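Student: What follows is model07.cif, made up of mmCIF, C-alpha atoms:
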```cif
data_my_file
loop_
_atom_site.label_atom_id
_atom_site.label_comp_id
_atom_site.auth_asym_id
_atom_site.auth_seq_id
_atom_site.Cartn_x
_atom_site.Cartn_y
_atom_site.Cartn_z
CA MET A 46 -40.54 107.68 8.37
CA ASP A 47 -40.83 111.47 8.73
CA ARG A 48 -37.82 113.79 8.84
CA LEU A 49 -37.70 114.14 12.62
CA ASP A 50 -37.80 110.37 13.14
CA ALA A 51 -35.08 110.02 10.50
CA MET A 52 -32.96 112.58 12.38
CA ARG A 53 -33.45 110.72 15.67
CA LEU A 54 -32.53 107.46 13.99
CA PHE A 55 -29.44 108.95 12.37
CA THR A 56 -28.17 110.39 15.67
CA ARG A 57 -28.55 107.01 17.40
CA ILE A 58 -26.61 105.27 14.61
CA VAL A 59 -23.77 107.76 15.02
CA GLU A 60 -23.81 107.47 18.81
CA LEU A 61 -23.92 103.68 18.89
CA GLY A 62 -21.71 103.14 15.83
CA SER A 63 -24.00 100.43 14.50
CA PHE A 64 -27.16 100.01 12.41
CA THR A 65 -28.08 96.89 14.37
CA ARG A 66 -27.64 98.45 17.81
CA ALA A 67 -29.60 101.53 16.77
CA ALA A 68 -32.40 99.31 15.44
CA ASP A 69 -32.48 97.38 18.71
CA ASP A 70 -32.37 100.57 20.77
CA LEU A 71 -35.29 102.12 18.87
CA GLN A 72 -37.10 98.78 18.47
CA LEU A 73 -37.13 99.00 14.68
CA PRO A 74 -36.47 96.32 12.03
CA ARG A 75 -32.94 96.46 10.64
CA ALA A 76 -34.32 96.76 7.12
CA THR A 77 -36.31 99.85 8.13
CA VAL A 78 -33.19 101.47 9.53
CA THR A 79 -31.15 100.76 6.41
CA HIS A 80 -33.89 102.04 4.10
CA ALA A 81 -34.40 105.21 6.19
CA VAL A 82 -30.71 106.11 6.01
CA GLN A 83 -30.62 105.49 2.27
CA GLN A 84 -33.62 107.79 1.80
CA LEU A 85 -32.04 110.43 4.07
CA GLU A 86 -28.77 110.39 2.12
CA LYS A 87 -30.72 110.55 -1.16
CA ARG A 88 -32.77 113.53 0.03
CA LEU A 89 -29.67 115.40 1.23
CA GLY A 90 -27.61 114.43 -1.80
CA THR A 91 -24.56 113.37 0.22
CA ARG A 92 -23.13 110.34 1.95
CA LEU A 93 -23.54 110.63 5.72
CA LEU A 94 -22.10 107.36 7.03
CA GLN A 95 -19.04 105.22 6.36
CA ARG A 96 -19.74 101.52 6.84
CA THR A 97 -17.26 98.77 7.67
CA THR A 98 -17.87 95.20 8.79
CA ARG A 99 -17.47 96.22 12.44
CA HIS A 100 -18.35 99.87 12.77
CA VAL A 101 -20.30 102.76 11.34
CA SER A 102 -18.92 106.29 11.56
CA PRO A 103 -20.04 109.64 10.14
CA THR A 104 -18.41 111.22 7.11
CA GLN A 105 -17.37 114.86 7.29
CA ASP A 106 -20.84 115.86 6.03
CA GLY A 107 -22.38 113.32 8.39
CA GLU A 108 -20.60 114.84 11.38
CA ALA A 109 -21.86 118.31 10.48
CA TYR A 110 -25.40 116.98 9.97
CA TYR A 111 -25.22 115.12 13.28
CA GLU A 112 -24.33 118.28 15.22
CA ARG A 113 -27.20 120.18 13.63
CA CYS A 114 -29.62 117.33 14.32
CA LEU A 115 -28.68 117.38 18.00
CA ARG A 116 -29.43 121.08 18.30
CA LEU A 117 -32.69 120.83 16.38
CA LEU A 118 -33.96 117.82 18.31
CA ALA A 119 -33.09 119.43 21.65
CA ASP A 120 -34.90 122.64 20.64
CA ILE A 121 -37.95 120.67 19.51
CA GLU A 122 -38.08 118.69 22.74
CA GLU A 123 -37.84 121.91 24.76
CA THR A 124 -40.57 123.58 22.70
CA GLU A 125 -42.94 120.63 22.85
CA SER A 126 -42.45 120.35 26.61
CA ALA A 127 -43.26 124.04 27.11
CA PHE A 128 -46.52 123.79 25.16
CA SER A 129 -47.65 120.26 25.95
CA SER A 130 -51.07 119.63 27.43
CA ALA A 131 -49.41 117.95 30.40
CA GLY A 132 -47.96 121.29 31.44
CA SER A 133 -44.34 121.27 32.57
CA SER A 134 -44.14 117.58 33.48
CA PRO A 135 -41.43 115.95 31.33
CA LYS A 136 -41.71 112.36 30.13
CA GLY A 137 -39.71 109.68 28.33
CA LYS A 138 -36.62 107.54 28.92
CA LEU A 139 -33.51 108.93 30.60
CA ARG A 140 -30.21 107.02 30.58
CA VAL A 141 -27.93 107.86 33.52
CA ASP A 142 -24.73 106.40 34.97
CA LEU A 143 -24.06 106.82 38.69
CA GLN A 144 -20.88 106.24 40.67
CA GLY A 145 -21.62 103.07 42.61
CA THR A 146 -21.22 104.03 46.26
CA LEU A 147 -22.86 107.43 45.75
CA ALA A 148 -25.84 105.68 44.17
CA LYS A 149 -26.16 103.12 46.97
CA HIS A 150 -25.75 105.59 49.84
CA PHE A 151 -27.58 108.69 48.58
CA VAL A 152 -29.54 108.26 45.37
CA LEU A 153 -31.23 104.84 45.29
CA PRO A 154 -32.67 105.02 48.84
CA VAL A 155 -34.74 108.06 47.79
CA ILE A 156 -35.25 107.36 44.08
CA ALA A 157 -38.98 106.79 44.65
CA GLN A 158 -39.27 110.49 45.48
CA PHE A 159 -38.10 111.34 41.97
CA PHE A 160 -40.80 109.15 40.41
CA GLU A 161 -43.44 110.67 42.67
CA ARG A 162 -42.48 114.06 41.29
CA TYR A 163 -41.98 112.94 37.68
CA PRO A 164 -44.13 109.83 37.10
CA ASP A 165 -43.78 109.94 33.30
CA ILE A 166 -39.98 109.62 33.26
CA GLU A 167 -38.42 106.18 32.89
CA LEU A 168 -34.87 105.81 34.23
CA GLU A 169 -32.27 103.42 32.90
CA ILE A 170 -29.49 103.41 35.53
CA GLY A 171 -25.97 102.12 35.08
CA MET A 172 -23.51 102.06 37.99
CA GLY A 173 -19.74 102.06 38.17
CA ASP A 174 -16.60 104.20 38.16
CA ARG A 175 -15.47 103.64 34.58
CA LEU A 176 -15.11 106.44 32.07
CA VAL A 177 -18.30 106.70 30.05
CA ASP A 178 -18.49 108.03 26.50
CA LEU A 179 -21.82 109.78 26.95
CA VAL A 180 -22.40 110.49 23.26
CA ARG A 181 -21.25 107.13 21.91
CA GLU A 182 -23.15 105.14 24.55
CA GLY A 183 -26.24 107.31 24.45
CA VAL A 184 -26.00 108.23 28.14
CA ASP A 185 -27.76 111.47 29.10
CA CYS A 186 -25.77 112.28 32.26
CA VAL A 187 -23.35 110.80 34.80
CA LEU A 188 -22.72 111.38 38.51
CA ARG A 189 -19.05 111.22 39.48
CA ALA A 190 -16.87 111.94 42.52
CA GLY A 191 -13.40 113.49 42.34
CA GLU A 192 -11.67 116.20 40.38
CA LEU A 193 -12.73 116.21 36.76
CA ALA A 194 -10.39 115.81 33.83
CA ASP A 195 -10.65 118.31 31.00
CA SER A 196 -13.90 117.52 29.25
CA SER A 197 -16.18 118.79 26.52
CA MET A 198 -19.11 118.00 28.80
CA VAL A 199 -21.12 120.45 30.86
CA ALA A 200 -20.24 119.92 34.54
CA ARG A 201 -22.32 120.97 37.53
CA ARG A 202 -20.87 120.51 41.01
CA VAL A 203 -23.56 119.19 43.36
CA ALA A 204 -21.69 118.38 46.61
CA SER A 205 -18.39 118.46 48.49
CA LEU A 206 -17.84 115.44 50.73
CA GLN A 207 -15.64 115.48 53.83
CA GLN A 208 -12.73 113.02 53.60
CA VAL A 209 -10.99 111.15 56.39
CA THR A 210 -7.87 109.09 56.92
CA CYS A 211 -8.49 106.03 59.06
CA ALA A 212 -7.36 102.55 60.06
CA SER A 213 -8.90 99.71 62.03
CA ARG A 214 -8.66 99.93 65.81
CA GLU A 215 -6.77 96.64 65.82
CA TYR A 216 -4.20 97.90 63.29
CA LEU A 217 -3.52 100.95 65.47
CA ALA A 218 -3.24 98.76 68.59
CA ARG A 219 -0.60 96.68 66.85
CA HIS A 220 1.38 99.42 65.08
CA GLY A 221 0.64 102.65 66.92
CA THR A 222 -1.16 105.85 65.94
CA PRO A 223 0.74 108.44 63.87
CA GLU A 224 0.56 111.90 65.41
CA THR A 225 1.97 113.80 62.42
CA VAL A 226 1.66 113.48 58.66
CA GLU A 227 5.34 112.62 58.36
CA ALA A 228 4.96 109.80 60.90
CA LEU A 229 2.52 108.10 58.52
CA ARG A 230 5.39 107.15 56.22
CA GLY A 231 6.33 104.30 58.54
CA HIS A 232 2.92 102.66 58.16
CA LYS A 233 1.19 100.47 55.58
CA ALA A 234 -1.73 101.46 53.39
CA VAL A 235 -4.45 99.84 51.38
CA ASN A 236 -3.89 101.55 48.05
CA PHE A 237 -6.72 102.57 45.73
CA LEU A 238 -6.09 102.31 41.98
CA SER A 239 -7.06 105.22 39.75
CA ALA A 240 -9.71 104.39 37.16
CA ARG A 241 -7.90 106.65 34.68
CA SER A 242 -4.26 105.68 35.12
CA GLY A 243 -4.44 102.32 36.90
CA LYS A 244 -1.85 103.62 39.39
CA PRO A 245 -2.28 103.96 43.18
CA LEU A 246 -3.76 107.27 44.26
CA PRO A 247 -1.64 109.27 46.74
CA PHE A 248 -2.76 110.17 50.25
CA ASP A 249 -3.42 113.92 50.47
CA PHE A 250 -3.24 116.21 53.51
CA VAL A 251 -3.81 119.94 53.84
CA VAL A 252 -0.92 121.34 55.90
CA ASP A 253 -0.81 125.11 56.51
CA GLY A 254 -3.20 125.66 53.62
CA THR A 255 -1.13 123.60 51.17
CA THR A 256 -1.90 120.10 49.95
CA ARG A 257 0.83 117.56 50.62
CA SER A 258 0.70 114.23 48.80
CA MET A 259 2.50 111.02 49.66
CA GLN A 260 2.55 107.46 48.42
CA LEU A 261 2.43 104.76 51.08
CA LYS A 262 3.60 101.18 50.71
CA GLY A 263 1.13 98.36 51.17
CA GLN A 264 0.49 94.72 50.43
CA VAL A 265 -2.80 95.17 48.60
CA SER A 266 -4.24 97.54 46.00
CA VAL A 267 -7.91 97.65 44.98
CA SER A 268 -10.15 99.44 42.50
CA ASP A 269 -13.47 99.10 44.35
CA ALA A 270 -14.69 101.21 47.28
CA ASP A 271 -16.25 98.28 49.15
CA ALA A 272 -13.05 96.25 48.79
CA TYR A 273 -11.09 99.29 49.99
CA SER A 274 -12.88 99.49 53.34
CA ALA A 275 -13.03 95.67 53.63
CA CYS A 276 -9.23 95.48 53.43
CA CYS A 277 -8.98 98.17 56.09
CA ALA A 278 -11.33 96.12 58.29
CA ALA A 279 -8.93 93.20 57.76
CA HIS A 280 -6.23 95.36 59.45
CA LEU A 281 -4.10 95.79 56.31
CA GLY A 282 -3.40 99.49 56.76
CA PHE A 283 -4.67 103.04 56.31
CA ILE A 284 -7.27 104.22 53.85
CA GLN A 285 -8.41 107.71 52.83
CA LEU A 286 -11.92 108.22 51.50
CA PRO A 287 -15.16 110.20 51.91
CA ARG A 288 -16.45 109.95 55.47
CA TYR A 289 -19.92 108.72 54.55
CA HIS A 290 -18.50 105.41 53.36
CA VAL A 291 -17.08 104.51 56.79
CA GLU A 292 -19.38 106.54 59.05
CA ALA A 293 -20.92 103.48 60.74
CA ARG A 294 -17.52 101.93 61.47
CA LEU A 295 -16.20 105.19 62.88
CA LYS A 296 -19.22 105.43 65.18
CA ASP A 297 -18.95 101.87 66.49
CA GLY A 298 -15.18 102.16 66.97
CA THR A 299 -14.18 99.55 64.40
CA PHE A 300 -12.30 102.27 62.50
CA CYS A 301 -10.51 105.27 63.99
CA GLU A 302 -9.78 108.55 62.22
CA VAL A 303 -6.20 109.82 62.40
CA LEU A 304 -4.57 113.13 61.51
CA ALA A 305 -7.89 114.99 61.66
CA PRO A 306 -6.24 118.46 61.77
CA TRP A 307 -4.78 117.78 58.32
CA ARG A 308 -7.72 116.20 56.52
CA PRO A 309 -7.59 116.28 52.71
CA ALA A 310 -9.72 118.81 50.88
CA PRO A 311 -13.36 117.79 50.48
CA MET A 312 -14.09 115.56 47.51
CA PRO A 313 -16.19 117.27 44.82
CA VAL A 314 -19.20 115.49 43.35
CA SER A 315 -20.39 116.56 39.89
CA VAL A 316 -23.02 115.77 37.29
CA LEU A 317 -21.80 115.79 33.69
CA TYR A 318 -23.86 115.85 30.51
CA PRO A 319 -23.31 116.72 26.84
CA HIS A 320 -23.91 120.31 25.76
CA HIS A 321 -26.74 119.28 23.47
CA ARG A 322 -28.66 117.74 26.41
CA GLN A 323 -28.76 120.86 28.58
CA LEU A 324 -32.08 121.97 27.02
CA SER A 325 -33.75 118.58 27.59
CA PRO A 326 -36.48 118.86 30.25
CA ARG A 327 -35.81 115.28 31.39
CA VAL A 328 -32.11 115.94 31.92
CA ARG A 329 -32.73 119.30 33.57
CA VAL A 330 -35.18 118.01 36.18
CA PHE A 331 -33.04 114.96 36.97
CA VAL A 332 -29.89 117.05 37.38
CA ASP A 333 -31.77 119.50 39.61
CA TRP A 334 -33.10 116.62 41.70
CA LEU A 335 -29.61 115.07 42.01
CA ALA A 336 -28.22 118.44 43.07
CA ASP A 337 -30.86 118.64 45.80
CA VAL A 338 -30.18 115.09 47.04
CA MET A 339 -26.40 115.43 47.00
CA GLY A 340 -26.54 118.96 48.43
CA ARG A 341 -28.19 117.55 51.55
CA ALA A 342 -25.54 114.81 51.68
CA GLY A 343 -22.65 117.26 51.44
#
```
Please rewrite the model in this file as structure tokens.

Tutor:
Amino acid sequence: MDRLDAMRLFTRIVELGSFTRAADDLQLPRATVTHAVQQLEKRLGTRLLQRTTRHVSPTQDGEAYYERCLRLLADIEETESAFSSAGSSPKGKLRVDLQGTLAKHFVLPVIAQFFERYPDIELEIGMGDRLVDLVREGVDCVLRAGELADSSMVARRVASLQQVTCASREYLARHGTPETVEALRGHKAVNFLSARSGKPLPFDFVVDGTTRSMQLKGQVSVSDADAYSACCAAHLGFIQLPRYHVEARLKDGTFCEVLAPWRPAPMPVSVLYPHHRQLSPRVRVFVDWLADVMGRAG
């Protein structure tokens, strides 16, 4: 195994925390992986990895070597892409994680267009709302909606989605339509649970240029966007979410928007990726394509 392959192998072991998982990921025999790391440590004259029965982690020297490997491998990939015989067309596997409803509504319906433009890229797509450790899980980039927590990742905002507050027509017929933000306090809500805290998210309204937040009582709380709108359709109370998710129901009159003059601020949509991936041609073209797709959506 040459030095570059050994570097790639070492970085995957660190990211996945396992010799076995790295071997499976790179489709190599476990014995080959073990031998390659032993030879690498012998050549460098230092121990790079600490091994336990359940996990593998880098030593202090291993962490420093890992960071340098990332930079070197990214530079090499960029250089090879610039001078390859295939011109500027990137190729290889790209691992991405997309927020579920954004993927279903905006990305997957047009994903064939990406492959038409970049036929040599292979996508491995995960979907969900959970927090993803991009480095540890070997994910190249993620698409997420909402304000971002402090992160060491590079973040690129690609859209701002209009949000609405709505309820089913039948709920409003039974309980009345609030005409002011304050009047909403007497109503029920379907509460959405934060993926980070596990607590219900507040309802937000922009009143005279200032955001006002309030918690509403309700009989049901959910952590899935489809369940959120389904509970609203079951007449269980108000919901607040990006308009695209309920556009069809607003048009056919099943749902009705309320308090439109005080809509919450638009929801940001961002792509995040590790600093060491920003030079990767595969990541760059996919992020640019996502920005184009989501820019049209916003």

Student: Suppose you want the space between CA of Cys211 (chain A) and CA of Val303 (chain A); what is it in Å?

Tutor: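 Here the two named atoms are 5.5 Å from each other.
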
Student: Compare A:Leu139, A:Val155, A:Leu281, A:Ala81 by their minimum atom-to-atom distance to His220 (chain A), counting all atoms listed in the file, and give me the closest one.

Tutor: A:Leu281

Student: May I ask for the distance between CA of Asp50 (chain A) and CA of Gly90 (chain A), given in Å to one decimal place?

Tutor: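 Value for the CA of Asp50 (chain A)-CA of Gly90 (chain A) distance: 18.5 Å.
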
Student: Enter the distance from CA of Arg99 (chain A) to CA of Val82 (chain A), in Å, rounded to one decimal.

Tutor: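 We find that CA of Arg99 (chain A) and CA of Val82 (chain A) lie 17.7 Å from each other.
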
Student: Give me, as a PyMOL selection string, all polymer residues having an atom no more than 12 Å from Ile170 (chain A), counting only C-alpha atoms and skipping those fewer than 4 positions away in the same chain.

Tutor: chain A and resi 138-145+148-149+152-153+156+184-188

Student: Need to verify the contact set: Cys301 (chain A), 9 Å, only C-alpha atoms, exclusion of same-chain residues closer than 2 positions in sequence. Can you return it as an MDAnalysis selection string?

Tutor: chainID A and resid 210:214 217 294:296 298:299 303

Student: To test your reading of the syntax: which residues would the PyMOL selection byres ((chain A and resi 342) around 8) return for the file shown? Reply as an NGL selection string.

Tutor: :A and (151 or 204 or 206 or 338-341 or 343)

Student: Got a sec to check which residues sit within 8 Å of (-22.9, 110.9, 11.8), counting all atoms listed in the file, and write them as an NGL selection string?

Tutor: :A and (55-56 or 58-60 or 93-94 or 102-104 or 106-111)

Student: Taking C-alpha atoms for each residue, export the selection above as a PDB file, keeping the file's coordinate frame.

Tutor:
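Written file, out33.pdb:
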```
ATOM      1  CA  PHE A  55     -29.440 108.950  12.370  1.00  0.00           C
ATOM      2  CA  THR A  56     -28.170 110.390  15.670  1.00  0.00           C
ATOM      3  CA  ILE A  58     -26.610 105.270  14.610  1.00  0.00           C
ATOM      4  CA  VAL A  59     -23.770 107.760  15.020  1.00  0.00           C
ATOM      5  CA  GLU A  60     -23.810 107.470  18.810  1.00  0.00           C
ATOM      6  CA  LEU A  93     -23.540 110.630   5.720  1.00  0.00           C
ATOM      7  CA  LEU A  94     -22.100 107.360   7.030  1.00  0.00           C
ATOM      8  CA  SER A 102     -18.920 106.290  11.560  1.00  0.00           C
ATOM      9  CA  PRO A 103     -20.040 109.640  10.140  1.00  0.00           C
ATOM     10  CA  THR A 104     -18.410 111.220   7.110  1.00  0.00           C
ATOM     11  CA  ASP A 106     -20.840 115.860   6.030  1.00  0.00           C
ATOM     12  CA  GLY A 107     -22.380 113.320   8.390  1.00  0.00           C
ATOM     13  CA  GLU A 108     -20.600 114.840  11.380  1.00  0.00           C
ATOM     14  CA  ALA A 109     -21.860 118.310  10.480  1.00  0.00           C
ATOM     15  CA  TYR A 110     -25.400 116.980   9.970  1.00  0.00           C
ATOM     16  CA  TYR A 111     -25.220 115.120  13.280  1.00  0.00           C
TER      17      TYR A 111
END
```

Student: I'd like the residues picked by the PyMOL selection byres ((chain A and resi 283) around 7) written out as a list in words, using the chain letters and numbers from the file.

Tutor: Thr210, Cys211, Ala212, Lys233, Ala234, Val235, Cys277, Gly282, Ile284 and Gln285 of chain A

Student: Rebuild region 230-254 of chain A to N, CA, C and O atoms - output it as a short mmCIF file (atom, residue, chain, number, x, y, z; two decimals), in the coordinates of the input, please.

Tutor:
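After the write, selection_26.cif holds the following:
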```cif
data_model
loop_
_atom_site.label_atom_id
_atom_site.label_comp_id
_atom_site.auth_asym_id
_atom_site.auth_seq_id
_atom_site.Cartn_x
_atom_site.Cartn_y
_atom_site.Cartn_z
N ARG A 230 4.54 107.85 57.19
CA ARG A 230 5.39 107.15 56.22
C ARG A 230 5.87 105.79 56.72
O ARG A 230 6.20 104.92 55.93
N GLY A 231 5.89 105.58 58.00
CA GLY A 231 6.33 104.30 58.54
C GLY A 231 5.24 103.25 58.58
O GLY A 231 5.48 102.14 59.08
N HIS A 232 4.05 103.58 58.08
CA HIS A 232 2.92 102.66 58.16
C HIS A 232 2.55 102.09 56.79
O HIS A 232 3.00 102.57 55.75
N LYS A 233 1.70 101.08 56.81
CA LYS A 233 1.19 100.47 55.58
C LYS A 233 -0.14 101.09 55.19
O LYS A 233 -0.85 101.64 56.01
N ALA A 234 -0.46 100.94 53.91
CA ALA A 234 -1.73 101.46 53.39
C ALA A 234 -2.40 100.41 52.53
O ALA A 234 -1.75 99.51 51.98
N VAL A 235 -3.70 100.51 52.44
CA VAL A 235 -4.45 99.84 51.38
C VAL A 235 -4.52 100.86 50.25
O VAL A 235 -5.06 101.95 50.44
N ASN A 236 -3.95 100.56 49.13
CA ASN A 236 -3.89 101.55 48.05
C ASN A 236 -5.07 101.40 47.10
O ASN A 236 -5.51 100.28 46.80
N PHE A 237 -5.57 102.55 46.65
CA PHE A 237 -6.72 102.57 45.73
C PHE A 237 -6.21 102.93 44.34
O PHE A 237 -5.51 103.93 44.17
N LEU A 238 -6.58 102.12 43.34
CA LEU A 238 -6.09 102.31 41.98
C LEU A 238 -6.96 103.29 41.22
O LEU A 238 -8.19 103.18 41.21
N SER A 239 -6.34 104.24 40.56
CA SER A 239 -7.06 105.22 39.75
C SER A 239 -7.74 104.56 38.56
O SER A 239 -7.13 103.74 37.86
N ALA A 240 -9.00 104.93 38.31
CA ALA A 240 -9.71 104.39 37.16
C ALA A 240 -9.10 104.90 35.86
O ALA A 240 -9.19 104.24 34.82
N ARG A 241 -8.47 106.07 35.90
CA ARG A 241 -7.90 106.65 34.68
C ARG A 241 -6.51 106.09 34.36
O ARG A 241 -6.23 105.72 33.23
N SER A 242 -5.65 106.07 35.38
CA SER A 242 -4.26 105.68 35.12
C SER A 242 -3.93 104.25 35.52
O SER A 242 -2.94 103.69 35.06
N GLY A 243 -4.74 103.65 36.39
CA GLY A 243 -4.44 102.32 36.90
C GLY A 243 -3.36 102.32 37.97
O GLY A 243 -2.98 101.26 38.46
N LYS A 244 -2.89 103.51 38.38
CA LYS A 244 -1.85 103.62 39.39
C LYS A 244 -2.46 103.97 40.74
O LYS A 244 -3.55 104.54 40.81
N PRO A 245 -1.75 103.64 41.85
CA PRO A 245 -2.28 103.96 43.18
C PRO A 245 -2.43 105.46 43.37
O PRO A 245 -1.54 106.25 43.01
N LEU A 246 -3.55 105.87 43.94
CA LEU A 246 -3.76 107.27 44.26
C LEU A 246 -2.96 107.65 45.50
O LEU A 246 -2.86 106.86 46.45
N PRO A 247 -2.39 108.85 45.55
CA PRO A 247 -1.64 109.27 46.74
C PRO A 247 -2.59 109.62 47.88
O PRO A 247 -3.78 109.85 47.68
N PHE A 248 -2.04 109.64 49.09
CA PHE A 248 -2.76 110.17 50.25
C PHE A 248 -2.49 111.67 50.29
O PHE A 248 -1.34 112.11 50.17
N ASP A 249 -3.55 112.47 50.45
CA ASP A 249 -3.42 113.92 50.47
C ASP A 249 -3.73 114.47 51.86
O ASP A 249 -4.62 113.97 52.55
N PHE A 250 -3.00 115.53 52.24
CA PHE A 250 -3.24 116.21 53.51
C PHE A 250 -3.07 117.71 53.30
O PHE A 250 -2.18 118.14 52.54
N VAL A 251 -3.92 118.49 53.93
CA VAL A 251 -3.81 119.94 53.84
C VAL A 251 -3.03 120.42 55.07
O VAL A 251 -3.53 120.35 56.20
N VAL A 252 -1.81 120.89 54.83
CA VAL A 252 -0.92 121.34 55.90
C VAL A 252 -0.61 122.82 55.68
O VAL A 252 -0.05 123.20 54.65
N ASP A 253 -1.02 123.66 56.62
CA ASP A 253 -0.81 125.11 56.51
C ASP A 253 -1.36 125.67 55.19
O ASP A 253 -0.74 126.50 54.52
N GLY A 254 -2.54 125.17 54.81
CA GLY A 254 -3.20 125.66 53.62
C GLY A 254 -2.69 125.10 52.31
O GLY A 254 -3.18 125.46 51.24
#
```
